[in-house]
$ cat work.cif   # mmCIF, C-alpha atoms
data_data
#
loop_
_atom_site.label_atom_id
_atom_site.label_comp_id
_atom_site.auth_asym_id
_atom_site.auth_seq_id
_atom_site.Cartn_x
_atom_site.Cartn_y
_atom_site.Cartn_z
CA MET H 1 59.95 -19.25 45.81
CA GLY H 2 57.08 -21.62 46.19
CA THR H 3 59.32 -24.47 47.26
CA HIS H 4 60.34 -23.31 50.73
CA GLN H 5 57.62 -23.85 53.29
CA PRO H 6 57.86 -23.02 57.02
CA GLU H 7 58.15 -26.10 59.23
CA GLU H 8 55.16 -27.41 61.10
CA ARG H 9 54.26 -30.07 63.62
CA PRO H 10 51.02 -31.98 62.99
CA ASP H 11 49.59 -31.09 66.41
CA MET H 12 50.35 -27.38 66.16
CA SER H 13 47.56 -25.04 67.25
CA LEU H 14 47.65 -21.55 65.79
CA THR H 15 46.61 -18.03 66.68
CA LEU H 16 46.27 -15.26 64.12
CA ARG H 17 46.68 -11.60 65.00
CA THR H 18 47.63 -8.22 63.62
CA ILE H 19 51.38 -7.61 63.88
CA SER H 20 53.67 -4.60 63.51
CA ARG H 21 55.62 -3.94 60.32
CA GLU H 22 58.83 -4.60 62.25
CA GLN H 23 57.63 -8.07 63.28
CA HIS H 24 56.51 -8.76 59.74
CA LEU H 25 59.84 -7.67 58.25
CA ALA H 26 61.83 -9.69 60.79
CA TYR H 27 59.83 -12.79 59.84
CA ILE H 28 60.38 -12.25 56.08
CA GLN H 29 64.10 -11.75 56.73
CA SER H 30 64.25 -15.10 58.55
CA LEU H 31 63.11 -16.97 55.41
CA PRO H 32 65.20 -17.97 52.38
CA ALA H 33 62.79 -15.95 50.17
CA ALA H 34 59.27 -14.54 49.84
CA SER H 35 57.41 -12.56 47.20
CA HIS H 36 58.28 -8.86 46.92
CA MET H 37 54.52 -8.26 47.20
CA GLN H 38 54.53 -9.72 50.71
CA VAL H 39 57.14 -7.41 52.26
CA PRO H 40 55.69 -4.71 54.56
CA ALA H 41 56.94 -1.87 52.31
CA TRP H 42 54.77 -3.10 49.43
CA ALA H 43 51.87 -1.50 51.31
CA ASP H 44 53.52 1.91 50.75
CA VAL H 45 53.92 1.19 47.04
CA LYS H 46 50.18 0.46 46.83
CA ALA H 47 49.26 3.71 48.59
CA GLU H 48 45.66 3.69 47.34
CA TRP H 49 44.92 0.54 49.36
CA ARG H 50 44.57 0.30 53.13
CA SER H 51 46.88 -2.37 54.53
CA GLU H 52 47.35 -4.70 57.47
CA ASN H 53 50.11 -7.09 58.55
CA LEU H 54 48.98 -10.48 59.83
CA GLY H 55 50.98 -13.03 61.80
CA TRP H 56 50.31 -16.68 62.62
CA PHE H 57 51.70 -17.87 65.97
CA ASP H 58 52.36 -21.34 67.36
CA ASP H 59 50.41 -21.44 70.64
CA ARG H 60 52.92 -23.69 72.36
CA THR H 61 56.10 -21.74 71.72
CA GLY H 62 54.63 -18.31 70.97
CA GLU H 63 56.83 -18.04 67.87
CA MET H 64 55.64 -16.58 64.59
CA VAL H 65 55.25 -19.26 61.91
CA GLY H 66 53.57 -17.33 59.08
CA ALA H 67 52.82 -13.81 57.85
CA GLY H 68 50.66 -12.01 55.34
CA LEU H 69 50.34 -8.54 53.87
CA VAL H 70 46.67 -7.74 53.27
CA LEU H 71 45.63 -4.87 50.99
CA TYR H 72 42.08 -3.55 51.42
CA ARG H 73 40.29 -1.78 48.57
CA GLN H 74 37.04 -0.04 49.44
CA LEU H 75 33.97 -0.60 47.29
CA PRO H 76 32.56 2.59 45.76
CA LYS H 77 30.01 4.22 48.11
CA ILE H 78 29.97 1.58 50.89
CA LYS H 79 32.28 0.71 53.76
CA ARG H 80 33.03 -2.80 52.56
CA TYR H 81 36.34 -4.02 51.22
CA LEU H 82 38.01 -6.40 48.85
CA ALA H 83 40.89 -7.98 50.84
CA TYR H 84 43.85 -8.97 48.66
CA LEU H 85 46.99 -10.93 49.58
CA PRO H 86 49.17 -10.73 46.43
CA GLU H 87 51.39 -13.82 46.12
CA GLY H 88 50.58 -14.65 49.72
CA PRO H 89 50.11 -15.28 52.54
CA VAL H 90 53.52 -16.67 53.48
CA ILE H 91 52.45 -19.79 55.37
CA ASN H 92 53.08 -23.52 55.21
CA TRP H 93 50.87 -24.30 52.21
CA PHE H 94 51.62 -28.01 52.45
CA ALA H 95 50.39 -28.19 56.06
CA PRO H 96 48.06 -31.14 56.67
CA ASN H 97 45.63 -28.79 58.46
CA LEU H 98 45.38 -25.93 55.97
CA THR H 99 41.94 -24.97 57.36
CA ASP H 100 43.59 -24.11 60.71
CA TRP H 101 45.65 -21.50 58.85
CA LEU H 102 43.02 -20.05 56.52
CA ASP H 103 39.79 -20.13 58.55
CA PRO H 104 41.04 -17.70 61.25
CA MET H 105 42.26 -15.43 58.43
CA LEU H 106 38.81 -15.39 56.80
CA ALA H 107 37.11 -14.73 60.15
CA HIS H 108 39.51 -11.85 60.84
CA LEU H 109 39.10 -10.29 57.38
CA LYS H 110 35.31 -10.51 57.68
CA GLN H 111 35.54 -8.63 61.00
CA GLN H 112 37.57 -5.97 59.18
CA GLY H 113 34.69 -5.41 56.75
CA ALA H 114 35.89 -7.55 53.84
CA PHE H 115 33.14 -8.92 51.57
CA SER H 116 35.56 -10.91 49.41
CA VAL H 117 39.11 -12.23 49.80
CA LYS H 118 41.60 -12.80 46.99
CA MET H 119 44.93 -14.54 47.54
CA GLY H 120 47.72 -16.01 45.44
CA PRO H 121 49.34 -19.06 47.05
CA PRO H 122 53.09 -18.99 46.20
CA VAL H 123 52.97 -22.65 45.21
CA ILE H 124 54.38 -23.94 41.92
CA ILE H 125 52.52 -26.82 40.25
CA ARG H 126 54.60 -27.50 37.14
CA ARG H 127 57.88 -26.56 35.51
CA TRP H 128 59.01 -26.88 31.89
CA GLU H 129 62.65 -26.76 30.79
CA SER H 130 63.60 -24.50 27.87
CA THR H 131 64.46 -27.50 25.69
CA SER H 132 60.94 -28.89 26.12
CA ILE H 133 59.38 -25.50 25.34
CA LYS H 134 61.51 -25.14 22.18
CA LYS H 135 60.34 -28.55 20.97
CA GLY H 136 56.78 -27.49 21.73
CA ILE H 137 57.13 -24.28 19.71
CA GLN H 138 58.26 -26.34 16.71
CA ASP H 139 55.31 -28.75 17.02
CA PRO H 140 52.27 -27.45 15.08
CA ASP H 141 49.88 -29.38 17.38
CA VAL H 142 51.15 -27.56 20.46
CA LYS H 143 49.29 -24.31 21.11
CA ARG H 144 49.90 -23.78 24.84
CA LEU H 145 52.40 -24.63 27.54
CA ARG H 146 49.87 -27.05 29.02
CA ASP H 147 50.03 -29.12 25.80
CA ILE H 148 53.65 -29.99 26.62
CA GLU H 149 54.45 -32.65 29.19
CA ALA H 150 55.91 -30.90 32.23
CA ASP H 151 59.47 -31.76 33.31
CA PHE H 152 58.53 -31.37 36.96
CA ILE H 153 55.18 -31.76 38.71
CA GLU H 154 54.53 -31.00 42.40
CA PRO H 155 51.87 -33.53 43.49
CA ARG H 156 51.30 -31.69 46.78
CA ALA H 157 50.16 -28.61 44.82
CA PHE H 158 47.14 -30.55 43.54
CA GLU H 159 46.29 -31.50 47.13
CA VAL H 160 46.40 -27.82 48.09
CA ALA H 161 44.00 -26.97 45.23
CA ASP H 162 41.63 -29.76 46.35
CA LYS H 163 41.68 -28.55 49.97
CA LEU H 164 40.97 -24.96 48.90
CA ARG H 165 37.98 -26.05 46.81
CA ARG H 166 36.59 -28.09 49.69
CA MET H 167 36.91 -25.05 51.96
CA GLY H 168 34.85 -22.98 49.54
CA TRP H 169 37.61 -21.05 47.77
CA GLN H 170 36.89 -20.46 44.09
CA GLN H 171 39.04 -20.04 41.06
CA GLY H 172 37.59 -18.22 38.07
CA GLU H 173 39.02 -18.91 34.63
CA ASP H 174 39.34 -15.15 34.15
CA GLY H 175 40.86 -14.72 37.59
CA GLY H 176 37.52 -13.65 39.06
CA ALA H 177 36.84 -10.22 40.51
CA GLY H 178 39.74 -8.02 41.40
CA PHE H 179 41.08 -4.48 41.23
CA GLY H 180 44.46 -3.44 39.88
CA ASP H 181 47.11 -5.96 38.97
CA VAL H 182 46.22 -9.58 38.94
CA GLN H 183 49.47 -11.52 39.15
CA PRO H 184 50.72 -13.78 36.36
CA ARG H 185 50.07 -17.49 36.68
CA TYR H 186 52.98 -18.40 34.41
CA VAL H 187 56.45 -17.02 35.00
CA PHE H 188 59.92 -17.64 33.62
CA GLN H 189 62.81 -18.33 35.99
CA VAL H 190 66.53 -19.02 35.67
CA PRO H 191 67.62 -21.29 38.55
CA LEU H 192 70.99 -20.26 40.03
CA ALA H 193 71.38 -22.53 43.05
CA ASN H 194 74.30 -24.99 42.79
CA ARG H 195 75.27 -23.76 39.32
CA SER H 196 78.30 -21.81 38.15
CA LEU H 197 77.91 -18.65 36.08
CA GLU H 198 79.66 -20.49 33.24
CA GLU H 199 76.92 -23.15 33.30
CA VAL H 200 74.23 -20.48 33.28
CA HIS H 201 75.88 -18.74 30.31
CA LYS H 202 76.35 -22.05 28.48
CA ASN H 203 72.63 -22.69 28.85
CA PHE H 204 71.72 -19.52 26.93
CA ASN H 205 70.73 -20.23 23.35
CA GLN H 206 73.08 -19.27 20.51
CA LEU H 207 71.21 -16.09 19.72
CA TRP H 208 71.51 -14.82 23.29
CA ARG H 209 75.21 -15.62 23.50
CA ARG H 210 75.78 -13.96 20.11
CA ASN H 211 73.82 -10.86 21.17
CA ILE H 212 75.74 -10.55 24.45
CA LYS H 213 79.00 -10.70 22.48
CA LYS H 214 77.68 -8.21 19.93
CA ALA H 215 76.82 -5.72 22.69
CA GLU H 216 80.27 -6.15 24.26
CA LYS H 217 82.02 -5.59 20.92
CA ALA H 218 79.92 -2.49 20.23
CA GLY H 219 80.95 -1.08 23.62
CA VAL H 220 77.55 -1.17 25.30
CA GLU H 221 77.96 -0.43 29.01
CA VAL H 222 75.50 -1.40 31.69
CA VAL H 223 75.32 0.91 34.71
CA GLN H 224 73.25 1.15 37.86
CA GLY H 225 71.16 4.24 38.46
CA GLY H 226 69.62 5.86 41.52
CA TYR H 227 66.50 7.79 42.49
CA GLN H 228 67.66 10.79 40.47
CA ASP H 229 67.69 8.65 37.29
CA LEU H 230 64.03 7.64 37.50
CA GLU H 231 63.05 10.48 35.13
CA GLU H 232 65.33 8.99 32.50
CA TRP H 233 63.82 5.57 33.25
CA GLN H 234 60.35 7.09 32.72
CA ARG H 235 61.37 8.50 29.33
CA LEU H 236 62.34 5.04 28.05
CA TYR H 237 59.35 3.39 29.71
CA GLU H 238 56.90 5.77 28.02
CA ILE H 239 58.50 5.11 24.61
CA THR H 240 57.96 1.40 25.31
CA ALA H 241 54.34 1.97 26.33
CA VAL H 242 53.54 3.71 23.04
CA ARG H 243 55.25 0.97 21.03
CA ASP H 244 53.68 -1.95 22.93
CA HIS H 245 50.23 -0.32 23.42
CA PHE H 246 49.92 -0.34 27.21
CA ARG H 247 49.11 2.41 29.67
CA PRO H 248 52.28 3.42 31.52
CA ARG H 249 52.41 3.96 35.26
CA PRO H 250 53.29 7.53 36.27
CA LEU H 251 56.78 8.57 37.38
CA SER H 252 55.43 9.09 40.91
CA TYR H 253 54.69 5.34 41.15
CA PHE H 254 58.33 4.40 40.54
CA GLN H 255 59.56 7.16 42.85
CA ARG H 256 57.27 5.85 45.59
CA MET H 257 58.37 2.28 44.90
CA TRP H 258 62.06 3.25 45.11
CA THR H 259 61.63 5.22 48.34
CA ALA H 260 59.40 2.66 50.06
CA LEU H 261 61.34 -0.47 49.16
CA ASN H 262 64.85 0.93 49.66
CA THR H 263 63.94 2.52 52.99
CA GLU H 264 62.94 -0.96 54.16
CA ASP H 265 66.11 -2.55 52.76
CA PRO H 266 68.75 -0.53 50.84
CA ASN H 267 69.17 -3.42 48.40
CA ARG H 268 65.47 -4.11 47.73
CA MET H 269 65.18 -2.26 44.40
CA ARG H 270 67.78 -1.52 41.75
CA LEU H 271 67.72 0.38 38.47
CA TYR H 272 69.84 -0.53 35.45
CA PHE H 273 70.62 1.23 32.16
CA ALA H 274 72.31 -0.14 29.05
CA ARG H 275 73.98 2.70 27.16
CA HIS H 276 75.90 3.11 23.95
CA ASN H 277 78.02 6.18 23.14
CA GLY H 278 76.58 7.87 26.23
CA VAL H 279 72.95 7.33 25.17
CA ASN H 280 70.64 5.17 27.32
CA LEU H 281 68.97 2.58 25.09
CA SER H 282 67.28 0.29 27.59
CA ALA H 283 66.49 0.19 31.29
CA ALA H 284 65.12 -2.21 33.88
CA THR H 285 64.15 -2.39 37.52
CA MET H 286 65.24 -5.29 39.70
CA LEU H 287 63.78 -6.41 43.04
CA VAL H 288 65.50 -8.50 45.72
CA VAL H 289 63.96 -10.44 48.62
CA GLY H 290 66.36 -12.94 50.18
CA GLY H 291 67.46 -15.43 47.54
CA HIS H 292 64.76 -14.45 45.05
CA VAL H 293 65.60 -11.76 42.48
CA TRP H 294 63.09 -10.38 39.97
CA TYR H 295 63.48 -8.49 36.74
CA SER H 296 60.45 -6.35 37.37
CA TYR H 297 59.91 -3.65 34.72
CA GLY H 298 61.74 -3.25 31.41
CA ALA H 299 61.95 -0.40 28.93
CA SER H 300 63.80 0.35 25.70
CA ASP H 301 64.13 3.01 23.04
CA ASN H 302 63.21 2.44 19.42
CA ILE H 303 66.79 3.21 18.40
CA GLY H 304 70.02 1.29 18.92
CA ARG H 305 68.47 -2.17 18.91
CA GLU H 306 71.22 -3.49 16.64
CA VAL H 307 73.76 -3.25 19.48
CA ARG H 308 71.56 -5.56 21.64
CA PRO H 309 71.34 -3.45 24.82
CA SER H 310 68.60 -5.61 26.41
CA ASN H 311 70.63 -8.82 26.25
CA ALA H 312 73.66 -7.06 27.73
CA MET H 313 71.55 -5.62 30.53
CA GLN H 314 69.89 -8.95 31.41
CA TRP H 315 73.27 -10.69 31.53
CA ARG H 316 74.62 -8.02 33.89
CA MET H 317 71.52 -8.24 36.13
CA LEU H 318 71.75 -12.02 36.20
CA ARG H 319 75.44 -11.82 37.19
CA ASP H 320 74.61 -9.30 39.92
CA ALA H 321 71.81 -11.54 41.20
CA TYR H 322 74.32 -14.40 41.29
CA ALA H 323 76.82 -12.25 43.21
CA LEU H 324 74.08 -11.47 45.74
CA GLY H 325 73.75 -15.21 46.37
CA ALA H 326 70.37 -15.50 44.64
CA THR H 327 68.94 -18.99 44.10
CA VAL H 328 66.63 -17.83 41.30
CA TYR H 329 66.55 -15.02 38.75
CA ASP H 330 62.90 -14.44 37.93
CA LEU H 331 61.91 -12.86 34.61
CA ARG H 332 58.28 -12.62 35.79
CA GLY H 333 55.21 -13.16 33.67
CA ILE H 334 54.79 -14.95 30.37
CA SER H 335 51.66 -15.93 28.48
CA ASP H 336 51.07 -19.67 28.16
CA SER H 337 50.47 -19.29 24.41
CA LEU H 338 53.06 -20.86 22.12
CA ASP H 339 51.32 -19.64 19.00
CA GLU H 340 53.76 -17.56 16.92
CA THR H 341 50.93 -15.27 15.76
CA ASP H 342 50.06 -14.35 19.37
CA HIS H 343 51.20 -10.80 20.23
CA LEU H 344 52.73 -12.07 23.50
CA PHE H 345 54.76 -14.81 21.81
CA GLY H 346 57.86 -12.61 21.49
CA LEU H 347 58.04 -12.36 25.27
CA ILE H 348 58.28 -16.09 25.88
CA GLN H 349 60.69 -16.43 22.94
CA PHE H 350 63.00 -13.81 24.47
CA LYS H 351 62.88 -15.42 27.92
CA VAL H 352 63.27 -19.02 26.71
CA GLY H 353 66.61 -17.92 25.24
CA THR H 354 68.01 -17.69 28.79
CA GLY H 355 67.78 -21.48 29.10
CA GLY H 356 65.66 -21.25 32.25
CA GLN H 357 62.31 -22.80 33.10
CA ALA H 358 58.68 -21.81 32.74
CA ALA H 359 56.81 -22.29 36.01
CA GLU H 360 53.08 -22.45 36.63
CA TYR H 361 51.73 -21.20 39.94
CA LEU H 362 48.51 -22.38 41.57
CA GLY H 363 46.91 -19.12 40.47
CA GLU H 364 44.72 -16.70 42.40
CA TRP H 365 41.74 -17.80 44.52
CA ASP H 366 38.66 -15.95 45.75
CA PHE H 367 36.52 -16.46 48.82
CA PRO H 368 33.19 -14.60 48.72
CA LEU H 369 32.37 -13.66 52.35
CA ASN H 370 29.27 -11.88 51.10
CA LYS H 371 28.01 -13.63 47.95
CA LEU H 372 25.76 -10.77 46.89
CA LEU H 373 28.46 -8.08 47.03
CA HIS H 374 31.00 -10.46 45.47
CA LYS H 375 28.61 -11.00 42.54
CA ALA H 376 27.95 -7.26 42.24
CA LEU H 377 31.71 -6.64 42.08
CA ASP H 378 32.10 -9.30 39.37
CA ILE H 379 29.45 -7.58 37.28
CA TYR H 380 30.95 -4.14 37.93
CA MET H 381 34.46 -5.34 36.93
CA SER H 382 33.24 -7.07 33.76
CA ARG H 383 31.65 -3.80 32.57
CA ARG H 384 34.75 -1.68 33.06
#
$ encode --input "work.cif" --output "structure tokens"
Amino acid sequence: MGTHQPEERPDMSLTLRTISREQHLAYIQSLPAASHMQVPAWADVKAEWRSENLGWFDDRTGEMVGAGLVLYRQLPKIKRYLAYLPEGPVINWFAPNLTDWLDPMLAHLKQQGAFSVKMGPPVIIRRWESTSIKKGIQDPDVKRLRDIEADFIEPRAFEVADKLRRMGWQQGEDGGAGFGDVQPRYVFQVPLANRSLEEVHKNFNQLWRRNIKKAEKAGVEVVQGGYQDLEEWQRLYEITAVRDHFRPRPLSYFQRMWTALNTEDPNRMRLYFARHNGVNLSAATMLVVGGHVWYSYGASDNIGREVRPSNAMQWRMLRDAYALGATVYDLRGISDSLDETDHLFGLIQFKVGTGGQAAEYLGEWDFPLNKLLHKALDIYMSRR
């Protein structure tokens, strides 16, 4: 994701309009991949937001060339909205005339009562290989990912950022105003395209390979679950929440997610359990959109860690993603801190073991359509 961009002619003139969910889904299905937060069914997962499907059309041919899922959150007490396009819209971000794509969108959202727009362009700026990150972790002068020289830089991403700034889009260091989940800027991905599973396995670090073997020897089995197993998922997830000090989402959220996503596409969401002697020790949810597969939520018990259920489960999910023809297995968010005393350091350490790459997205951008209300929201959010 973030590399594929829809084609475009330089003289293309565009029209933006509201589209049906069916049109939106058909467009997403025509692409190699898109974010799971830009499929029409994501609107059902986020039931507390109002939603709208937008389509961009080429005036000459009438064909759809871009799409976006917009979530609207109403401000307390007034009929004005924050419009949010998580990891979207799905347009040609490298188009020479980016204003022709985004200006009609802003005009439309303003008409819909939005006072502020937040979006997350699915554009990757930099990538770091695991080997470079490991060297960085060992270097006492390196505190963050940014301190390491990137192995890959997308120069066009910087042009996109420049264009957005010139158009009046803003990027706050803290991500600016926003309700609910603000998406991670740094993620960890294992590329699968043009690689054999043997190569992928060989790229794991020694600890990972040893732990996978350990789990196999101990007889850990990894199985797929269904809707009826979400209560068991919730049990493990709540144990994890207590241990890692976060507020868990309710069971109803995962039930809604399962129903919404798998009604849209029976293979959109999967549930995995790693069990030992008939006891479930860890669990994970997996999401699939085209060639992009995400490890979405993870959970584990406080017992049975010595048989390495999580490594066994990740290896199975990665193999399944490969069998589905995925080009990337995405382990989602990481912190950019490489400081071993940081409480999030364990996360990057675990993910780096897969031999994949850290990727940095362009991050989320805000456009205040009403500066006063936007400011009021900022103040309100900072006090929460």
$ residues_around --input "work.cif" --residues "H:Asn205" --least-positions-apart "2" --cutoff "8 Å" --atoms "all atoms listed in the file" --output "PDB file with C-alpha atoms, in the coordinates of the input"
ATOM      1  CA  LYS H 202      76.350 -22.050  28.480  1.00  0.00           C
ATOM      2  CA  ASN H 203      72.630 -22.690  28.850  1.00  0.00           C
ATOM      3  CA  LEU H 207      71.210 -16.090  19.720  1.00  0.00           C
ATOM      4  CA  TRP H 208      71.510 -14.820  23.290  1.00  0.00           C
ATOM      5  CA  ARG H 209      75.210 -15.620  23.500  1.00  0.00           C
ATOM      6  CA  GLY H 353      66.610 -17.920  25.240  1.00  0.00           C
ATOM      7  CA  THR H 354      68.010 -17.690  28.790  1.00  0.00           C
ATOM      8  CA  GLY H 355      67.780 -21.480  29.100  1.00  0.00           C
TER       9      GLY H 355
END
$ atom_distance --input "work.cif" --atom1 "atom CA of H:Asn211" --atom2 "atom CA of H:Ala283"
16.7 Å
$ atom_distance --input "work.cif" --atom1 "atom CA of H:Arg127" --atom2 "atom CA of H:Tyr295"
19.0 Å
$ resolve_selection --input "work.cif" --expression "the PyMOL selection byres ((chain H and resi 115) around 8)" --output "PyMOL selection string"
chain H and resi 80-83+110+113-114+116-117+368-371+373-374
$ residues_near_point --input "work.cif" --point "(48.9, -20.0, 59.3)" --cutoff "12 Å" --atoms "only C-alpha atoms" --output "ChimeraX atom specification"
/H:5-8,12-17,54-59,63-68,88-106
$ resolve_selection --input "work.cif" --expression "the PyMOL selection byres ((chain H and resi 38) around 10)" --output "list in words"
His24, Leu25, Ile28, Ala34, Ser35, His36, Met37, Val39, Pro40, Ala41, Trp42, Ala43, Asn53, Ala67, Gly68, Leu69, Val70, Leu85, Pro86, Glu87, Gly88, Pro89, Val90 and Val289 of chain H
$ atom_distance --input "work.cif" --atom1 "atom CA of H:Leu192" --atom2 "atom CA of H:Thr327"
4.7 Å
$ axis_aligned_box --input "work.cif" --around "stretch 27-46 of chain H" --padding-each-side "5 Å" --output "JSON"
{"center_x": 57.7, "center_y": -8.0, "center_z": 53.3, "size_x": 25.0, "size_y": 29.9, "size_z": 23.0}
$ resolve_selection --input "work.cif" --expression "the PyMOL selection byres ((chain H and resi 148-165) around 6)" --output "VMD selection string"
chain H and resid 125 to 128 145 to 147 166 to 169
$ write_last_selection --input "work.cif" --atoms "C-alpha atoms" --output "PDB file, in the frame of the given file"
ATOM      1  CA  ILE H 125      52.520 -26.820  40.250  1.00  0.00           C
ATOM      2  CA  ARG H 126      54.600 -27.500  37.140  1.00  0.00           C
ATOM      3  CA  ARG H 127      57.880 -26.560  35.510  1.00  0.00           C
ATOM      4  CA  TRP H 128      59.010 -26.880  31.890  1.00  0.00           C
ATOM      5  CA  LEU H 145      52.400 -24.630  27.540  1.00  0.00           C
ATOM      6  CA  ARG H 146      49.870 -27.050  29.020  1.00  0.00           C
ATOM      7  CA  ASP H 147      50.030 -29.120  25.800  1.00  0.00           C
ATOM      8  CA  ARG H 166      36.590 -28.090  49.690  1.00  0.00           C
ATOM      9  CA  MET H 167      36.910 -25.050  51.960  1.00  0.00           C
ATOM     10  CA  GLY H 168      34.850 -22.980  49.540  1.00  0.00           C
ATOM     11  CA  TRP H 169      37.610 -21.050  47.770  1.00  0.00           C
TER      12      TRP H 169
END
$ closest_residue --input "work.cif" --among "H:Ser130, H:Gln74, H:Gln224, H:Ser196" --to "H:Gln349" --atoms "all atoms listed in the file"
H:Ser130
